[in-house]
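A.B. asks: So I've got this file, my_file-v4.pdb, and it contains PDB, C-alpha atoms, pLDDT in the B column:
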ATOM      1  CA  MET A   1      87.391  70.324 100.595  1.00 97.00           C
ATOM      2  CA  ILE A   2      89.934  72.401  98.721  1.00 98.00           C
ATOM      3  CA  TYR A   3      91.799  75.506  99.830  1.00 98.00           C
ATOM      4  CA  LEU A   4      92.038  78.434  97.441  1.00 98.00           C
ATOM      5  CA  ASP A   5      95.052  80.682  96.935  1.00 98.00           C
ATOM      6  CA  THR A   6      94.513  84.432  96.844  1.00 98.00           C
ATOM      7  CA  HIS A   7      94.648  84.844  93.072  1.00 98.00           C
ATOM      8  CA  VAL A   8      92.044  82.106  92.684  1.00 98.00           C
ATOM      9  CA  VAL A   9      89.580  83.973  94.897  1.00 98.00           C
ATOM     10  CA  ILE A  10      90.177  87.224  93.017  1.00 98.00           C
ATOM     11  CA  TRP A  11      89.766  85.603  89.603  1.00 97.00           C
ATOM     12  CA  MET A  12      86.583  83.885  90.740  1.00 97.00           C
ATOM     13  CA  TYR A  13      85.234  87.188  92.059  1.00 97.00           C
ATOM     14  CA  GLN A  14      86.085  88.842  88.743  1.00 96.00           C
ATOM     15  CA  LYS A  15      84.356  85.959  86.921  1.00 95.00           C
ATOM     16  CA  ASP A  16      87.575  85.328  85.016  1.00 94.00           C
ATOM     17  CA  GLN A  17      86.996  81.606  84.364  1.00 88.00           C
ATOM     18  CA  GLN A  18      89.290  81.428  81.337  1.00 93.00           C
ATOM     19  CA  ARG A  19      92.295  81.665  83.691  1.00 95.00           C
ATOM     20  CA  PHE A  20      91.491  78.249  85.164  1.00 97.00           C
ATOM     21  CA  THR A  21      92.415  74.858  83.844  1.00 96.00           C
ATOM     22  CA  GLN A  22      89.617  72.395  83.210  1.00 96.00           C
ATOM     23  CA  ARG A  23      90.718  70.469  86.297  1.00 96.00           C
ATOM     24  CA  GLY A  24      90.809  73.607  88.452  1.00 96.00           C
ATOM     25  CA  TYR A  25      87.384  74.719  87.320  1.00 93.00           C
ATOM     26  CA  SER A  26      86.001  71.233  87.952  1.00 96.00           C
ATOM     27  CA  LEU A  27      87.377  71.280  91.512  1.00 96.00           C
ATOM     28  CA  ILE A  28      85.775  74.679  92.109  1.00 95.00           C
ATOM     29  CA  GLU A  29      82.448  73.271  90.953  1.00 94.00           C
ATOM     30  CA  THR A  30      82.578  70.065  93.024  1.00 96.00           C
ATOM     31  CA  GLU A  31      84.522  70.730  96.247  1.00 97.00           C
ATOM     32  CA  ASP A  32      83.786  72.680  99.407  1.00 97.00           C
ATOM     33  CA  LEU A  33      85.837  75.868  99.026  1.00 98.00           C
ATOM     34  CA  VAL A  34      87.932  77.108 101.938  1.00 98.00           C
ATOM     35  CA  ILE A  35      90.452  79.893 102.428  1.00 98.00           C
ATOM     36  CA  SER A  36      93.013  80.714 105.050  1.00 98.00           C
ATOM     37  CA  PRO A  37      92.353  84.031 106.830  1.00 98.00           C
ATOM     38  CA  MET A  38      95.679  85.073 105.276  1.00 98.00           C
ATOM     39  CA  VAL A  39      93.935  85.137 101.892  1.00 98.00           C
ATOM     40  CA  GLN A  40      91.549  87.732 103.249  1.00 98.00           C
ATOM     41  CA  LEU A  41      94.478  89.802 104.562  1.00 98.00           C
ATOM     42  CA  GLU A  42      96.422  89.500 101.302  1.00 98.00           C
ATOM     43  CA  ILE A  43      93.384  90.692  99.342  1.00 98.00           C
ATOM     44  CA  GLU A  44      93.209  93.745 101.593  1.00 98.00           C
ATOM     45  CA  TYR A  45      96.926  94.412 100.988  1.00 98.00           C
ATOM     46  CA  LEU A  46      96.313  94.217  97.242  1.00 98.00           C
ATOM     47  CA  PHE A  47      93.503  96.747  97.634  1.00 98.00           C
ATOM     48  CA  GLU A  48      95.718  99.067  99.681  1.00 98.00           C
ATOM     49  CA  ILE A  49      98.443  99.078  97.024  1.00 98.00           C
ATOM     50  CA  LYS A  50      95.793  99.565  94.331  1.00 98.00           C
ATOM     51  CA  LYS A  51      96.315  96.243  92.540  1.00 98.00           C
ATOM     52  CA  ILE A  52      92.571  95.589  92.894  1.00 98.00           C
ATOM     53  CA  THR A  53      89.633  97.964  93.307  1.00 97.00           C
ATOM     54  CA  GLU A  54      87.526  96.199  95.962  1.00 97.00           C
ATOM     55  CA  ARG A  55      88.198  95.799  99.671  1.00 98.00           C
ATOM     56  CA  SER A  56      88.715  92.338 101.046  1.00 98.00           C
ATOM     57  CA  SER A  57      85.467  92.450 103.018  1.00 98.00           C
ATOM     58  CA  VAL A  58      83.458  93.104  99.842  1.00 98.00           C
ATOM     59  CA  ILE A  59      85.091  90.231  97.952  1.00 98.00           C
ATOM     60  CA  ILE A  60      84.898  87.717 100.795  1.00 98.00           C
ATOM     61  CA  ASP A  61      81.286  88.566 101.690  1.00 98.00           C
ATOM     62  CA  TYR A  62      80.265  88.215  98.048  1.00 97.00           C
ATOM     63  CA  MET A  63      82.063  84.879  97.712  1.00 98.00           C
ATOM     64  CA  ARG A  64      80.479  83.557 100.911  1.00 97.00           C
ATOM     65  CA  LYS A  65      77.007  84.378  99.609  1.00 97.00           C
ATOM     66  CA  GLN A  66      77.543  83.293  96.004  1.00 94.00           C
ATOM     67  CA  ILE A  67      79.563  80.088  96.361  1.00 94.00           C
ATOM     68  CA  GLY A  68      79.499  79.252 100.063  1.00 96.00           C
ATOM     69  CA  LEU A  69      83.160  80.089 100.594  1.00 98.00           C
ATOM     70  CA  HIS A  70      84.369  79.206 104.099  1.00 98.00           C
ATOM     71  CA  ILE A  71      87.195  80.743 106.105  1.00 98.00           C
ATOM     72  CA  SER A  72      89.198  78.183 108.032  1.00 97.00           C
ATOM     73  CA  ASP A  73      89.000  78.496 111.787  1.00 96.00           C
ATOM     74  CA  THR A  74      92.107  76.451 112.546  1.00 96.00           C
ATOM     75  CA  HIS A  75      93.807  77.883 115.619  1.00 96.00           C
ATOM     76  CA  PHE A  76      96.405  80.482 114.589  1.00 96.00           C
ATOM     77  CA  SER A  77      99.150  79.031 116.797  1.00 97.00           C
ATOM     78  CA  GLU A  78      98.856  75.701 114.960  1.00 98.00           C
ATOM     79  CA  VAL A  79      99.192  77.457 111.609  1.00 98.00           C
ATOM     80  CA  VAL A  80     102.249  79.377 112.825  1.00 98.00           C
ATOM     81  CA  GLN A  81     103.907  76.168 114.021  1.00 98.00           C
ATOM     82  CA  ARG A  82     103.352  74.534 110.644  1.00 98.00           C
ATOM     83  CA  ALA A  83     104.425  77.655 108.730  1.00 98.00           C
ATOM     84  CA  GLU A  84     107.709  77.686 110.665  1.00 97.00           C
ATOM     85  CA  LEU A  85     108.572  74.409 108.942  1.00 97.00           C
ATOM     86  CA  LEU A  86     108.053  75.804 105.432  1.00 97.00           C
ATOM     87  CA  LYS A  87     111.514  77.189 104.758  1.00 96.00           C
ATOM     88  CA  TRP A  88     111.144  77.215 100.953  1.00 97.00           C
ATOM     89  CA  THR A  89     109.657  80.719 100.772  1.00 96.00           C
ATOM     90  CA  ARG A  90     110.055  84.069 102.468  1.00 96.00           C
ATOM     91  CA  ASP A  91     106.577  85.166 101.367  1.00 97.00           C
ATOM     92  CA  PRO A  92     104.536  85.133 104.594  1.00 96.00           C
ATOM     93  CA  PHE A  93     101.242  84.836 102.705  1.00 98.00           C
ATOM     94  CA  ASP A  94     102.386  81.729 100.815  1.00 98.00           C
ATOM     95  CA  ARG A  95     103.744  80.204 104.022  1.00 98.00           C
ATOM     96  CA  PHE A  96     100.525  80.672 105.979  1.00 98.00           C
ATOM     97  CA  ILE A  97      98.177  79.743 103.134  1.00 98.00           C
ATOM     98  CA  THR A  98     100.104  76.548 102.416  1.00 98.00           C
ATOM     99  CA  ALA A  99     100.499  75.704 106.116  1.00 98.00           C
ATOM    100  CA  GLN A 100      96.760  76.067 106.635  1.00 98.00           C
ATOM    101  CA  ALA A 101      95.980  73.635 103.811  1.00 98.00           C
ATOM    102  CA  ASP A 102      98.705  71.258 104.990  1.00 98.00           C
ATOM    103  CA  LEU A 103      97.278  71.111 108.513  1.00 97.00           C
ATOM    104  CA  GLN A 104      94.020  69.861 107.024  1.00 97.00           C
ATOM    105  CA  GLN A 105      95.853  67.554 104.592  1.00 97.00           C
ATOM    106  CA  ALA A 106      93.905  69.337 101.893  1.00 98.00           C
ATOM    107  CA  SER A 107      94.632  70.259  98.311  1.00 98.00           C
ATOM    108  CA  LEU A 108      95.467  73.868  97.532  1.00 98.00           C
ATOM    109  CA  LEU A 109      94.248  75.299  94.237  1.00 98.00           C
ATOM    110  CA  THR A 110      97.012  77.602  93.023  1.00 98.00           C
ATOM    111  CA  LYS A 111      98.854  78.543  89.872  1.00 98.00           C
ATOM    112  CA  ASP A 112     101.969  79.436  91.916  1.00 98.00           C
ATOM    113  CA  GLY A 113     104.897  77.380  90.605  1.00 98.00           C
ATOM    114  CA  THR A 114     106.900  77.636  93.815  1.00 98.00           C
ATOM    115  CA  ILE A 115     104.042  76.223  95.832  1.00 98.00           C
ATOM    116  CA  HIS A 116     103.627  73.417  93.275  1.00 98.00           C
ATOM    117  CA  THR A 117     107.311  72.557  93.605  1.00 98.00           C
ATOM    118  CA  HIS A 118     107.164  72.296  97.396  1.00 98.00           C
ATOM    119  CA  TYR A 119     103.606  71.328  98.333  1.00 98.00           C
ATOM    120  CA  PRO A 120     102.643  67.928  96.900  1.00 98.00           C
ATOM    121  CA  MET A 121      98.928  68.603  97.280  1.00 98.00           C
ATOM    122  CA  ALA A 122      98.979  71.760  95.166  1.00 98.00           C
ATOM    123  CA  VAL A 123      96.725  71.461  92.124  1.00 98.00           C
ATOM    124  CA  TRP A 124      95.979  73.584  89.133  1.00 97.00           C
TER     125      TRP A 124
END
Here is a file; write its structure as structure tokens.

C.D. replies:
Amino acid sequence: MIYLDTHVVIWMYQKDQQRFTQRGYSLIETEDLVISPMVQLEIEYLFEIKKITERSSVIIDYMRKQIGLHISDTHFSEVVQRAELLKWTRDPFDRFITAQADLQQASLLTKDGTIHTHYPMAVW
């Protein structure tokens, strides 16, 4: 199982494979793919500010059907407790997405350098 950061989901939806490293693409092909519900919310925010042209529901539904994407059902209070410990960022999306992966002791596929610096299981 590997968690996906928001930009990873968007790039996969856009079929923008050249953005991925060989390792990242290999993980996408071989692992069960999971997202935090915060990824879904961040995608909707990006739609609202017109950074992307599709609503979150469209992207997530498509990804569920096409690649079997799963949304984590970890209890929100557990994620909040873990996110409270992540003092290295003020970005609430990064805090929750990383906390969710950390609770599962799972890798997080992300290109985000700050996450790589602070989350040892970040991969790209």

A.B. asks: Give the answer as one residue: which of A:Val123, A:Leu85, A:Val39, A:Val9 has the shortest atom-to-atom distance to Ala106 of chain A, using all atoms listed in the file?

C.D. replies: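 Of A:Val123, A:Leu85, A:Val39, A:Val9, the one nearest Ala106 of chain A, counting all atoms listed in the file, is A:Val123.
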
A.B. asks: Which protein, DNA or RNA residues have an atom at most 12 Å from (96.8, 83.4, 113.9), counting all atoms listed in the file? List them as a list in words.

C.D. replies: Ser36, Pro37, Met38, Leu41, Ser72, Asp73, Thr74, His75, Phe76, Ser77, Glu78, Val79, Val80, Gln81, Arg82, Ala83, Phe96, Ile97, Ala99 and Gln100 of chain A

A.B. asks: Output C-alpha atoms for every residue in the selection just made, as a tab-separated table (two decimals), keeping the file's coordinate frame.

C.D. replies:
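The file below, selection01.tsv, is the result:
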chain	number	residue	atom	x	y	z
A	36	SER	CA	93.01	80.71	105.05
A	37	PRO	CA	92.35	84.03	106.83
A	38	MET	CA	95.68	85.07	105.28
A	41	LEU	CA	94.48	89.80	104.56
A	72	SER	CA	89.20	78.18	108.03
A	73	ASP	CA	89.00	78.50	111.79
A	74	THR	CA	92.11	76.45	112.55
A	75	HIS	CA	93.81	77.88	115.62
A	76	PHE	CA	96.40	80.48	114.59
A	77	SER	CA	99.15	79.03	116.80
A	78	GLU	CA	98.86	75.70	114.96
A	79	VAL	CA	99.19	77.46	111.61
A	80	VAL	CA	102.25	79.38	112.82
A	81	GLN	CA	103.91	76.17	114.02
A	82	ARG	CA	103.35	74.53	110.64
A	83	ALA	CA	104.42	77.66	108.73
A	96	PHE	CA	100.52	80.67	105.98
A	97	ILE	CA	98.18	79.74	103.13
A	99	ALA	CA	100.50	75.70	106.12
A	100	GLN	CA	96.76	76.07	106.64

A.B. asks: Could you list, as number ranges by chain, every residue matched by the PyMOL selection byres ((chain A and resi 107-118) around 7) in this structure?

C.D. replies: A: 2-5, 8, 24, 101, 105-106, 119-124

A.B. asks: Between atom CA of Leu27 of chain A and atom CA of Arg90 of chain A, what distance in Å does the model show, to one decimal?

C.D. replies: 28.2 Å

A.B. asks: Which residues of segment 67-114 of chain A come within 7 Å of segment 30-35 of chain A, and for each one, what is the closest pair of atoms and their distance in Å to one decimal, counting only C-alpha atoms, sorted by chain and residue number, as a tab-separated table?

C.D. replies:
residue	atom	partner	partner_atom	distance
A:Leu69	CA	A:Leu33	CA	5.2
A:His70	CA	A:Val34	CA	4.7
A:Ile71	CA	A:Ile35	CA	5.0
A:Ser72	CA	A:Ile35	CA	6.0

A.B. asks: Please compute the atom CA of Gln66 of chain A-atom CA of Met12 of chain A distance, one decimal, in Å.

C.D. replies: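 Taking atom CA of Gln66 of chain A as the start and atom CA of Met12 of chain A as the end point, the length is 10.5 Å.
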
A.B. asks: Please, what distance in Å, to one decimal, runs between atom CA of Ile43 of chain A and atom CA of Gln18 of chain A?

C.D. replies: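 Atom CA of Gln18 of chain A lies 20.7 Å from atom CA of Ile43 of chain A.
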
A.B. asks: Compare A:Tyr13, A:Thr6, A:Met1, A:Glu29 by their minimum atom-to-atom distance to Tyr62 of chain A, counting only C-alpha atoms, and give me the closest one.

C.D. replies: A:Tyr13
